Amino acid sequence: MSRMGTLELPDGASLRFDEAGDGPAVVLLHPGLWDRRTWDEQMTSFPAAGYRTIRYDQRGYGGSSRLSGEPYSRVEDLVAVLDHLEVDRAALVGVSMGGTLAIDATLDRPDRVWALVPCAADPSGFEPLREEEDWWESSGEPIEAAIEAGDLDQAEELRLQIWAPLGTDDPAGATIRRIAFDNIHEMTMDESSAIELDPPAVVRLGEIDVPTLVLIAEHDPPFMRRAGELLAREIIDARSVVIEGADHVINVRQPEAFEEAVLPFLDGVRP
């Protein structure tokens with residue numbers, strides 16, 4: 001049985017969430033550009049595997065409230081969801097921005113986390129190499145030009161060439177495209193009021209001491225693949241898997257390979 005609801009936060013913001021299943025809790029954290037619907041398939045497969053599975057839209061995305069400019073903490077929002085649902089500890093499985101949040105939360109609130117699975121994610125504070133910075137600037141220039149011209153549709157199409165280079169004509173790609181366009185407002189959203197982890201995760205990875213599986217997408221930009229390799233190297237006893245045939249939103253592009261990697265890992269470390 002699945003359940004859904006809206007959590008009203010003390011500062012007036014609201015977070016839309018869903019949960020399904022019973023057993024050890026797993027929180028699925030969506031990537032930027034997209035929302036919690038990227039986890040549609042896992043909201044069936046994870047409960048079937050014996051996990052209480054939770055997902056929510058982060059502030060600014062999907063059915064949650066838009067950003068107001070007031071300071072907020074993504075980690076504290078996650079903790080608020082756990083508290084509301086009376087979850088003491090959860091495995092955190094996050095893609096991209098969701099993976100960055102999962103890492104930050106594990107460092108900030110290690111007592112609330114029993115396993116960590118960052119996918120196509122970079123740790124907060126991770127900086128590009130010069131050649132990567134040049135690549136980002138070159139790739140970003142036409143996107144910024146389209147935004148300045150007021151053509152957000154064109155800007156989104158260009159962004160999808162980076163984050164969904166395998167295309168958007170197949171069913172998985174079409175899902176990636178549809179959810180990105182549903183959140184097109186994110187492109188001009190000011191997220192500067194988000195309170196960042198200080199010091200950032202990139203200099204604290206050796207402090208993480210929970211079972212960790214790092215997933216790397218074969219067709220991600222080099223910056224993201226290098227970030228995944230760093231996580232696997234610096235986090236204590238971390239395991240890593242390269243998901244072949246996947247671009248950035250691994251769990252949508254290659255759901256079977258994603259689940260074949262993640263579910264046995266969780267089974268092996270579940271409390």
# chains A, B, ... in the order shown; residues from 1 in each chain; ligands from 1
call {"tool": "select_by_dssp", "arguments": {"residues": "region 22-72 of chain A", "states": "alpha helix (DSSP H)", "output": "tab-separated table (two decimals) with N, CA and C atoms, in the first residue's frame"}}
result
chain	number	residue	atom	x	y	z
A	42	GLN	N	11.13	2.48	-8.84
A	42	GLN	CA	11.68	2.00	-7.57
A	42	GLN	C	10.65	2.05	-6.44
A	43	MET	N	9.59	2.85	-6.61
A	43	MET	CA	8.52	2.86	-5.60
A	43	MET	C	7.70	1.57	-5.65
A	44	THR	N	7.92	0.76	-6.67
A	44	THR	CA	7.33	-0.57	-6.72
A	44	THR	C	8.36	-1.65	-6.35
A	45	SER	N	9.55	-1.55	-6.95
A	45	SER	CA	10.54	-2.61	-6.76
A	45	SER	C	11.16	-2.62	-5.37
A	46	PHE	N	11.38	-1.46	-4.77
A	46	PHE	CA	11.99	-1.43	-3.44
A	46	PHE	C	11.03	-1.95	-2.36
A	47	PRO	N	9.76	-1.53	-2.34
A	47	PRO	CA	8.83	-2.14	-1.38
A	47	PRO	C	8.69	-3.65	-1.58
A	48	ALA	N	8.69	-4.10	-2.83
A	48	ALA	CA	8.59	-5.52	-3.10
A	48	ALA	C	9.79	-6.28	-2.55
call {"tool": "residues_around", "arguments": {"residues": "Asp122 (chain A)", "least_positions_apart": "5", "cutoff": "10 Å", "atoms": "only C-alpha atoms", "output": "number ranges by chain"}}
result
A: 95-101, 103, 127, 201-202, 223-231
call {"tool": "closest_residue", "arguments": {"among": "A:Gln58, A:Gly69, A:Asp247, A:Val214", "to": "Val262 (chain A)", "atoms": "only C-alpha atoms"}}
result
A:Val214
call {"tool": "select_by_dssp", "arguments": {"residues": "region 103-239 of chain A", "states": "strand (DSSP E or B)", "output": "PyMOL selection string"}}
result
chain A and resi 113-119+194+212-217+239
call {"tool": "write_last_selection", "arguments": {"atoms": "C-alpha atoms", "output": "mmCIF file, in the first residue's frame"}}
result
data_model
loop_
_atom_site.group_PDB
_atom_site.id
_atom_site.type_symbol
_atom_site.label_atom_id
_atom_site.label_comp_id
_atom_site.auth_asym_id
_atom_site.auth_seq_id
_atom_site.Cartn_x
_atom_site.Cartn_y
_atom_site.Cartn_z
ATOM 1 C CA VAL A 113 21.772 6.850 8.292
ATOM 2 C CA TRP A 114 22.331 3.085 7.987
ATOM 3 C CA ALA A 115 23.605 3.024 4.391
ATOM 4 C CA LEU A 116 24.612 5.496 1.686
ATOM 5 C CA VAL A 117 24.216 5.145 -2.097
ATOM 6 C CA PRO A 118 25.321 8.231 -4.080
ATOM 7 C CA CYS A 119 24.652 7.815 -7.815
ATOM 8 C CA ALA A 194 20.410 27.134 0.685
ATOM 9 C CA THR A 212 28.479 2.894 1.006
ATOM 10 C CA LEU A 213 27.895 1.971 -2.616
ATOM 11 C CA VAL A 214 28.890 4.488 -5.297
ATOM 12 C CA LEU A 215 27.259 4.247 -8.733
ATOM 13 C CA ILE A 216 28.968 5.878 -11.711
ATOM 14 C CA ALA A 217 27.156 6.437 -15.018
ATOM 15 C CA ARG A 239 32.204 -0.138 -3.112
#
call {"tool": "residues_around", "arguments": {"residues": "Pro221 (chain A)", "least_positions_apart": "5", "cutoff": "10 Å", "atoms": "only C-alpha atoms", "output": "CSV table (one decimal) with N, CA and C atoms, in the first residue's frame"}}
result
chain,number,residue,atom,x,y,z
A,120,ALA,N,25.9,8.9,-9.6
A,120,ALA,CA,26.1,10.1,-10.5
A,120,ALA,C,26.2,11.4,-9.7
A,132,GLU,N,38.0,20.6,-17.3
A,132,GLU,CA,36.6,20.4,-17.0
A,132,GLU,C,35.8,21.8,-17.0
A,135,TRP,N,35.3,23.0,-20.4
A,135,TRP,CA,34.2,22.2,-21.0
A,135,TRP,C,32.8,22.7,-20.5
A,136,TRP,N,32.7,23.0,-19.2
A,136,TRP,CA,31.4,23.5,-18.7
A,136,TRP,C,31.1,24.9,-19.3
A,162,ILE,N,23.5,17.5,-22.4
A,162,ILE,CA,24.5,17.2,-21.4
A,162,ILE,C,24.2,16.1,-20.5
A,163,TRP,N,22.9,16.1,-20.0
A,163,TRP,CA,22.5,15.2,-18.9
A,163,TRP,C,21.8,14.0,-19.4
A,165,PRO,N,22.6,12.5,-22.8
A,165,PRO,CA,23.2,12.4,-24.2
A,165,PRO,C,22.8,11.1,-25.0
A,226,ARG,N,34.7,11.5,-12.5
A,226,ARG,CA,35.8,11.7,-11.6
A,226,ARG,C,35.4,11.9,-10.1
A,247,ASP,N,23.2,7.2,-18.7
A,247,ASP,CA,23.7,8.6,-18.6
A,247,ASP,C,23.2,9.0,-17.2
A,248,HIS,N,23.0,10.3,-17.0
A,248,HIS,CA,23.0,10.9,-15.7
A,248,HIS,C,21.9,10.3,-14.7
call {"tool": "decode", "arguments": {"residues": "region 135-163 of chain A", "atoms": "C-alpha atoms", "output": "tab-separated table (two decimals), in the first residue's frame"}}
result
chain	number	residue	atom	x	y	z
A	135	TRP	CA	34.19	22.23	-20.99
A	136	TRP	CA	31.45	23.50	-18.67
A	137	GLU	CA	31.94	27.07	-19.90
A	138	SER	CA	31.80	25.99	-23.55
A	139	SER	CA	28.71	23.83	-22.94
A	140	GLY	CA	27.02	26.46	-20.82
A	141	GLU	CA	27.41	29.45	-23.13
A	142	PRO	CA	24.57	28.54	-25.54
A	143	ILE	CA	22.36	27.62	-22.58
A	144	GLU	CA	22.94	30.99	-20.93
A	145	ALA	CA	22.35	32.73	-24.26
A	146	ALA	CA	18.99	30.96	-24.65
A	147	ILE	CA	17.98	31.87	-21.08
A	148	GLU	CA	18.91	35.51	-21.63
A	149	ALA	CA	16.84	35.49	-24.83
A	150	GLY	CA	13.89	34.15	-22.85
A	151	ASP	CA	13.85	30.84	-24.73
A	152	LEU	CA	13.75	28.42	-21.79
A	153	ASP	CA	12.56	25.54	-23.98
A	154	GLN	CA	15.69	25.78	-26.11
A	155	ALA	CA	17.85	26.10	-23.01
A	156	GLU	CA	16.30	22.92	-21.59
A	157	GLU	CA	16.88	21.04	-24.82
A	158	LEU	CA	20.54	22.06	-24.66
A	159	ARG	CA	20.84	20.99	-21.02
A	160	LEU	CA	19.39	17.59	-21.87
A	161	GLN	CA	22.16	17.13	-24.43
A	162	ILE	CA	24.55	17.22	-21.45
A	163	TRP	CA	22.54	15.18	-18.94
